[in-house]
Each structure stands twice: as structure tokens, then as C-alpha cells.
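See structure below.
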Protein chains: 2
Amino acid sequence: MKSYQVMTKEELMTLREELRKAYEDAKGLGLKLDMSRGKPAADQLDLSMEMMETFNRNTVPRSEDGTDCRNYGALDGVIEAKRLMAAMIGCQPEQTVVCGNASLNVMYDLLARAELFGILGETPWSKLPKVTFLCPVPGYDRHFRMTEAMGIDMINIPMNEDGPDMDLVEKLVSEDETVKGIWCVPRFSNPGGIVYSDEVVRRMAALKPAARDFRIFWDNAYAIHDLYEEDQQQILEILSECEKAGNPDMVYEIASTSKVTFPGAGISVFAASPANLEEFKQRMGVQTISYDKINMLRHVGFLKDLDTLKAHMRKQADLIRPKFEAVEDILEQELGGLEIGTWTKPRGGYFISFQAMNGCAKEIVARCKEAGVILTGAGAAYPYGLDPDDSNIRIAPTYPTLEEMKQATRIFSLCVKLVSVEKMLENK
Amino acid sequence: MKSYQVMTKEELMTLREELRKAYEDAKGLGLKLDMSRGKPAADQLDLSMEMMETFNRNTVPRSEDGTDCRNYGALDGVIEAKRLMAAMIGCQPEQTVVCGNASLNVMYDLLARAELFGILGETPWSKLPKVTFLCPVPGYDRHFRMTEAMGIDMINIPMNEDGPDMDLVEKLVSEDETVKGIWCVPRFSNPGGIVYSDEVVRRMAALKPAARDFRIFWDNAYAIHDLYEEDQQQILEILSECEKAGNPDMVYEIASTSKVTFPGAGISVFAASPANLEEFKQRMGVQTISYDKINMLRHVGFLKDLDTLKAHMRKQADLIRPKFEAVEDILEQELGGLEIGTWTKPRGGYFISFQAMNGCAKEIVARCKEAGVILTGAGAAYPYGLDPDDSNIRIAPTYPTLEEMKQATRIFSLCVKLVSVEKMLENK
């Protein structure tokens with residue numbers, strides 16, 4: 001297709017008319033489609049229904065050490081759940097605490113405890129004049145929202161193909177002692193789908209922070225969430241890399257089964273060095289008596305071990321891969337060669353990240369909404385909701401049906417074209 | 001039996017020898033008994049096993065509004081769970097948010113958010129030079145531990161037969177603007193088993209705090225945990241009392257099913273005024289995506305409504321009442337008339353509270369331990385673990401078997417006698 005970039009003003013004006021007509025037609029369809037939500041579809045949830053029958057009224061749920069999991073106790077989780085979650089993220093069971101239904105809540109607690117009590121004897125962040133976090137962008141909106149809620153300043157870090165811009169990260173972390181953390185989704189980043197290279201992980205583990213209580217928040221949300229079986233790119237295990245680099249306490253790792261079994265009814269894991277774990281357990285002991293161990297056993301009974309877990313994730317992939325590919329195909333058909341946008345073709349995770357022309361994202365999202373297609377708010381993937389280029393749009397292909405996804409992607413492509421042409425004409 | 005208080009020195013010395021021999025014999029038994037833990041016994045947990053079969057692999061857990069409870073969503077809980085939990089504590093469903101497996105964690109979050117963000121626009125507590133909580137004593141150790149962890153000062157408030165000393169509470173709350181909260185377990189208080197009278201509840205609801213962000217932390221942990229069917233003493237519903245008194249926002253109410261179904265695998269509830277609820281939801285939305293709605297539906301399916309819930313609690317009572325009565329009987333047999341201790345005969349809840357002679361509690365607990373009987377640490381029911389009289393001991397009768405409870409109570413009585421006699425001889 002002919003690039004919009006080489007079109008004359010007249011060509012663009014003709015095109016604009018055609019697109020406006022098409023857009024009015026699309027609005028007339030009265031669609032109601034949602035590409036905004038990074039949540040599994042019902043058929044994915046159906047894959048885990050066996051978990052509803054882990055126990056019956058005659059089976060006392062006991063952990064392998066004999067603990068009656070219906071009662072208080074086992075503050076840091078049952079051993080078999082530690083083994084399962086450690087296998088999922090590639091660390092050792094003794095490096096983990098198994099928590100409740102939301103890794104987001106674990107991350108929140110980590111931030112809140114750092115604010116209230118400080119980390120390993122350092123000053124509580126709430127007593128400091130300024131605390132800063134580095135935020136690779138585009139990133140996960142909920143990370144940024146909780147960081148903002150804590151009153152922490154956020155600095156955007158550009159993402160390269162293989163992870164965050166480490167030159168900038170190294171400079172800021174080593175020079176600025178107000179920098180206390182960085183948000184990382186190291187495998188299939190949200191929304192870019194980027195997998196951190198070994199070099200990036202090694203440089204991350206070897207950071208020389210000015211602040212002793214600097215922590216890498218390693219949200220390994222998509223550790224096993226591959227879309228394809230071939231050419232799976234693994235990441236280096238961060239706890240051992242930090243240890244090797246002489247920074248054993250520098251990382252907090254978090255993950256969950258939210259996109260493995262049931263979002264909101266899964267289990268989560270915190271993994272860290274002995275000193276961090278010790279502090280974590282001591283503080284969680286003030287906060288709760290124990291997490292839901294029956295649900296831990298349900299997950300262990302169903303997901304069993306890494307092989308079973310991976311087999312389960314292949315079934316998940318079989319359901320969502322066609323949706324990702326449909327979006328990619330339609331974007332290629334509709335927008336390929338037009339030079340008005342680029343998009344990721346992730347090998348895993350939950351999102352496709354679309355880069356529109358600068359200054360177009362908000363308008364595209366608004367036009368889509370008017371035509372009945374809901375997208376994540378433009379800017380959501382940036383701290384404070386501010387995309388400096390107003391160009392990034394997150395597409396979440398999993399929740400709608402395949403047919404809905406196709407229809408929604410066509411409307412989206414139409415809106416991208418229309419808004420891009422209008423933008424170009426503004427400047428002619 | 002002859003009161004120890006009227007014995008001569010010689011009589012006491014003879015008695016001491018007898019008791020010491022008996023104590024050595026007891027130690028020889030090599031017992032291992034635990035009266036320290038406020039947790040249900042296995043037979044109580046067995047009562048809820050039906051919940052293991054709420055769903056099977058073919059039943060999608062849906063709330064009555066059609067929400068697929070396997071997925072994200074319904075941040076503040078499903079309506080039927082709100083209805084159930086509201087019935088349990090006597091408020092309206094729309095006054096509630098249903099949370100995760102631990103009411104303790106809800107209370108912790110309330111404190112932490114007040115510290116970090118402030119309450120309804122007031123200064124965050126972490127920015128204030130001093131914050132004070134009123135702590136009716138003896139009280140729940142975990143309330144005090146989390147309050148201490150937050151760096152909040154605690155003031156002991158004596159408990160009367162019908163609740164906290166309200167003269168003192170009114171004075172401190174109205175005069176001291178650093179007083180930001182009071183801990184209340186209004187029905188079957190932990191450990192005293194006290195039920196707040198209507199007058200106490202009304203005076204509590206009518207407090208005129210110097211601090212606008214003063215909150216009553218109303219931990220209604222034993223709302224339906226009666227041991228006896230006859231003469232059940234109800235408490236006034238605090239939310240409506242506060243509203244009537246013109247203080248709608250002054251109370252946070254919290255409860256859970258921990259001692260109804262499975263501790264650690266239950267559901268919890270937060271109840272408050274519209275303004276408090278709004279703030280609560282907004283802040284929980286930063287912290288999590290949703291709590292475990294499948295488990296909410298399990299509880300609704302099993303406990304259904306107030307009648308079913310109460311019938312279930314009667315079964316619980318039938319299992320634990322004999323243990324309470326055994327402890328009370330043995331204490332009466334062994335210590336009645338000796339004038340060396342008093343104890344509560346609670347009509348509900350989970351504890352018996354024993355008052356030894358001043359200065360004896362720690363030593364009694366130590367002697368019990370030496371003889372293989374574990375009690376809650378002396379002082380645990382007081383802020384900072386400091387019982388100013390060193391006289392209170394908490395007995396938790398539910399977890400051991402009836403026979404174990406009897407044996408443990410005999411050893412306990414023996415230790416009370418021995419330590420009391422030794423104490424009296426010190427002063428002769």
C-alpha cells in the first residue's frame with residue numbers, strides 16, 4: 001500500500017473523505033467491543049475447572065508435612081506450594097513466601113512497608129523529602145498508579161528491544177540516592193512484550209546504587225506465558241544473578257497464577273534473599289496470620305510441577321494465539337506500508353503495543369470509543385497517565401472472542417487511518 | 001476451701017512443700033499441652049467440609065448478577081456475599097465491602113492507609129509528631145502489635161463488666177487531638193469475654209473527638225459466636241448508632257468468617273459510612289484488582305443466611321462449650337475459695353481470662369511451660385506486652401481435646417497455687 005507519508009495534500013483530502021464515510025458507517029453498526037482488559041476469556045478459565053474438585057467433604061486438605069490447611073498456621077506458605085511457584089519463576093523453594101490471591105497486593109505491601117518501616121534498617125521512605133522510581137515505558141499502569149499513590153516521583157526510562165535503556169538506568173541509580181526502585185516486567189513486558197536480554201539482566205543485577213535500600217521490583221508476571229513453543233527466549237534468573245554480582249538483597253521478585261488459573265482466585269509468590277525474606281515474614285506476621293493454604297493446595301494438586309504447568313500453559317496459548325495472530329494479520333492488511341503506525345508481535349504475555357504517529361493516540365482511542373470499541377486509555381502505560389508523545393496504545397486481545405477481536409481490530413485500524421490523515425492535513 | 005489469704009506463715013510453708021512435690025510429679029508426666037492458641041479444633045473445621053463441594057468441574061461459579069467469579073472484577077465483593085456478611089454483623093449490604101481471607105489484614109490496611117494517605121483529607125498520620133490509640137485492656141494482642149509497629153502510642157483503658165471505662169475514653173478522646181483511634185471487640189471481647197452494654201455503645205457512638213479523623217476500630221470478631229442459646233446478650237448496631245449521634249464517619253467495622261468456617265481460608269468484611277466506604281474502595285483499587293470471589297460464593301452457598309449461619313454456630317458451640325465448662329469447673333474445684341485468682345465465665349467468644357494475684361502471671365506461665373503446658377505469654381493482652389499488674393493470663397480452650405484441656409487446667413491450677421504461695425511467703 002502507498003505510504004500516507006508520500007501523499008499530496010489532495011490525495012490526503014480525498015482519503016479523509018473516504019475514511020470519514022467508512023467511519024460513519026462503522027458507527028452505524030452499534031458495536032460494543034472491548035480490547036482494553038488484560039484478562040483471560042472464559043474458555044481459558046475452563047481449563048482450570050478441575051481445581052473445583054481438588055477436595056471433597058471427606059478429604060482434609062493437608063500439606064505434606066501434615067499441617068491441616070483449614071486452620072491458622074504456615075505463615076509463609078506450605079512447602080509444596082513454594083516448590084511449585086519456585087519452579088514457575090526458576091528459583092529455589094526456600095527463596096520464596098507464598099502469599100494470597102494477588103501479586104499486585106504483594107507489591108503494594110512492599111512499597112507500603114518501605115514507606116512506613118524502611119528496608120533493612122534504612123530510613124522509612126515516608127520520612128524522606130524525596131523518593132524516586134525508574135519506570136521503563138511503556139509499562140504496567142497499575143505499577144505506576146500505586147507508585148504515584150505513595151507520593152513517589154517517577155522517571156520514564158525508554159525501552160529498547162531487549163529491555164530498559166541500561167545506560168540511563170545505571171547512571172541514575174548510581175548517581176541519585178533518591179532513586180529507590182525500578183519496575184521491571186522482565187519477560188513479555190506489559191505492554192511491549194519485550195524479553196530482557198541476558199546482558200540487560202546482568203547489568204541490572206550489577207547495578208551500583210547510591211541508595212542502600214534501592215530495590216529492583218522484578219514482576220515476573222509472564223514467566224511461563226509463551227504464545228509459541230518454538231524459539232522460546234528465557235531470561236536469566238535474577239536472584240542468582242544479583243547474588244553473583246554481590247547484590248543479593250537488591251531484588252524483590254513477585255509472580256502469581258492470575259493468568260495461569262483464575263485471576264483473583266489464584267496464589268502469588270514473593271522471592272528474595274534470606275535477609276529480605278526474613279524482613280518480609282516478620283512484617284507479614286504483623287499483618288496477617290496466614291494466607292489461604294487450601295487454595296495453595298488446590299493449585300499444587302492441579303499444576304503439580306513445571307512440566308504439568310507448562311503443558312497447561314500450552315493449552316492457554318492454543319486459545320489465545322489465534323487472537324494475537326488475527327490482530328497482527330489485520331493490522332498488517334490494513335496498515336502495512338502506510339507508515340502511520342508500528343506494532344509489536346509478541347512471543348508471549350497478554351498485550352500488543354501499538355505506536356501511532358505522535359499526537360494521535362488519545363484521538364484514536366476516543367474515535368474507537370465513539371464507534372463502540374473500548375481501548376485502554378491512551379497514556380495509561382506511562383507514569384501519571386502521560387505519554388509524552390501521545391503515541392502508545394495498548395491492545396489486549398485475550399478477552400473478546402476471535403470474531404470480536406477481528407471486528408474490533410478493523411475498526412481500530414480505520415480510526416488509526418482517519419486520525420493520522422487528519423493529523424497530517426493539520427500540518428500541510 | 002480455706003483461703004490462702006488467711007493462712008499463717010507455717011501453714012503456707014507446709015503447703016508450699018506439698019505443692020512443690022505435686023509440681024515435680026506433674027513435670028515427671030512429660031506432658032505437651034497447648035492452651036495458648038485461639039484456633040478451632042479439627043472437629044469444628046469438619047463442620048464446614050461441605051464447602052469443599054460447592055462447585056464441580058462443570059459449574060461455572062457465577063454471582064447472581066451473572067459475574068464470572070473466576071475472573072477479575074467486582075472489586076468490592078459480590079452482592080450475595082455482602083448480604084451474608086451484613087446479616088452476620090447486623091448492618092446493610094450496601095454498607096459493606098467483602099474482602100480477603102483475613103480481617104486482621106483489613107485492619108492493618110486501615111491503619112497503614114491512615115498513616116500513608118490520611119483519612120478523608122486529613123493529614124497522614126505518618127506526618128504527625130504523635131498519634132495515640134486507646135486500648136481497652138486486656139485486649140487482643142494482634143491489635144496492639146500492629147499499632148506498635150506503626151509507631152502509634154498506646155494508652156491502656158480499663159475494662160468494666162460492660163465495656164471500656166467510658167468516662168476515661170470520653171475525656172481522652174475529646175481533650176487530646178493526638179487520639180486517633182480506639183480498639184474495640186464489642187461482643188465477647190478477647191480475652192475478657194465482655195459484651196458491651198447498650199449504654200457503652202451509645203456513649204461510644206456519641207464521642208466528641210478532638211481529632212476529625214478519630215476512628216473507632218470496631219472488630220466485631222465474635223458477633224455470632226455464642227456458647228449458649230439462652231439469654232444471648234446482643235449489642236447495638238454501631239453504624240446506625242453513630243449515624244443517630246451525628247457521627248456517621250466515626251467508625252470502621254470489621255469481621256470475618258475465620259472462626260465460622262476455616263481460619264485463613266475464609267472471607268472478611270469491612271462496613272462503614274458512605275464516605276468511608278468510598279475512600280476504602282478507592283484505596284483498595286490501588287492495592288488489588290479483586291479478592292477471591294469463588295471463595296465468597298463458597299461461603300454464601302454454605303452459610304446461606306442468618307438462620308443457617310446461626311444453626312451452624314450452634315454446632316460450633318456444642319463442640320467447644322464442654323471445653324469452656326471443663327476449664328471453669330476445674331478452676332472452681334481447684335481454686336474456688338482460695339482467693340488467689342479470679343476468672344471469667346464467658347457466654348461466647350474464644351477465651352477465658354484469668355486474673356492471678358499481682359506479680360504472679362509471668363511466673364505461672366513459666367512454671368506451666370516447664371511442666372509441659374503452653375499458655376499465651378503473660379502480658380500479651382496488653383500494649384507493648386506489659387501487664388502493669390503482671391496478673392492477667394489468657395486461656396484458649398478450643399484447640400486441645402476435652403481431656404487435654406482438663407489435664408492442662410489441673411496443671412495450670414497447681415502452678416497458680418504454687419506461685420501464689422511462694423509470692424505470699426516472700427512478703428511474710
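Note on naming: chains are A, B, ... as they come in the C-alpha cells, residues start from 1 per chain, ligands start from 1 in the order shown.
The residue set within 10 Å of Lys423 in chain B, counting only C-alpha atoms and dropping same-chain residues fewer than 6 places from it, reads Met357, Asn358, Gly359, Cys360, Glu363 and Lys417 of chain B.
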Selection export as a tab-separated table (two decimals), in the first residue's frame, atoms kept: N, CA, C and O atoms:
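The result, stored in part22.tsv:
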```
chain	number	residue	atom	x	y	z
B	357	MET	N	-3.00	-13.27	91.35
B	357	MET	CA	-2.54	-12.22	92.26
B	357	MET	C	-1.49	-11.37	91.51
B	357	MET	O	-0.77	-11.88	90.65
B	358	ASN	N	-1.46	-10.09	91.84
B	358	ASN	CA	-0.49	-9.21	91.18
B	358	ASN	C	0.93	-9.78	91.29
B	358	ASN	O	1.31	-10.32	92.32
B	359	GLY	N	1.65	-9.64	90.19
B	359	GLY	CA	3.04	-10.08	90.19
B	359	GLY	C	3.24	-11.57	89.98
B	359	GLY	O	4.36	-12.06	90.08
B	360	CYS	N	2.19	-12.29	89.67
B	360	CYS	CA	2.31	-13.76	89.57
B	360	CYS	C	2.18	-14.31	88.14
B	360	CYS	O	2.54	-15.47	87.90
B	363	GLU	N	5.30	-15.73	86.22
B	363	GLU	CA	5.87	-16.90	86.86
B	363	GLU	C	4.96	-18.12	86.66
B	363	GLU	O	5.44	-19.23	86.43
B	417	LYS	N	-1.44	-22.11	92.30
B	417	LYS	CA	-1.32	-22.27	93.75
B	417	LYS	C	0.13	-22.12	94.21
B	417	LYS	O	0.43	-21.37	95.14
```
Within 12 Å of Ala112 in chain B, counting only C-alpha atoms, which residues show up once you throw out same-chain ones fewer than 5 positions away? Write them as a VMD selection string, please.
(chain A and resid 108 to 109 111 to 117 126 150 286 to 287) or (chain B and resid 105 to 107 117 to 119 124 to 126 146 to 152 280 283 to 284 287)
Using Å and a single decimal, report how far CA of Ala317 in chain B sits from CA of Arg347 in chain B.
10.2 Å
Leaving out range 194-196 of chain B and any residue of its chain fewer than 3 positions from it, which residues lie within 9 Å of it when counting only C-alpha atoms, given as a list of chain:residue names?
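Using only C-alpha atoms, the neighbours found are B:Met159, B:Asn160, B:Glu161, B:Asp162, B:Gly163, B:Pro164, B:Val185, B:Pro186, B:Arg187, B:Phe188, B:Ser189, B:Asn190, B:Pro191, B:Glu199, B:Val200, B:Val201, B:Gln233, B:Gln234, B:Ile235, B:Leu236, B:Thr344, B:Pro346, B:Arg347, B:Gly348.
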Just asking: which residues within range 57-145 of chain B are strand (DSSP E or B) according to DSSP, as a PyMOL selection string?
chain B and resi 62+68+96-99+132-137
What are the closest atom pairs, with distances in Å to one decimal, for each residue of chain A lying within 6 Å of chain B, using only C-alpha atoms, rows by chain and rising residue number, as a tab-separated table?
```
residue	atom	partner	partner_atom	distance
A:Met49	CA	B:Arg57	CA	4.7
A:Glu50	CA	B:Arg57	CA	5.2
A:Met52	CA	B:Asn56	CA	5.2
A:Glu53	CA	B:Asn56	CA	5.5
A:Phe55	CA	B:Met52	CA	5.7
A:Asn56	CA	B:Met52	CA	5.1
A:Arg57	CA	B:Met49	CA	4.6
A:Arg70	CA	B:Phe262	CA	5.1
A:Asn71	CA	B:Pro263	CA	4.9
A:Tyr72	CA	B:Pro263	CA	5.4
A:Leu104	CA	B:Thr288	CA	5.7
A:Asn105	CA	B:Gln287	CA	5.2
A:Tyr108	CA	B:Gln287	CA	5.7
A:Met146	CA	B:Val286	CA	5.6
A:Phe262	CA	B:Arg70	CA	5.1
A:Pro263	CA	B:Asn71	CA	5.0
A:Gly264	CA	B:Asp292	CA	5.2
A:Ala265	CA	B:Asp292	CA	4.6
A:Val286	CA	B:Met146	CA	5.6
A:Gln287	CA	B:Asn105	CA	5.2
A:Thr288	CA	B:Asn105	CA	5.3
A:Ser290	CA	B:Gly264	CA	5.6
A:Tyr291	CA	B:Gly264	CA	5.6
A:Asp292	CA	B:Ala265	CA	4.6
```
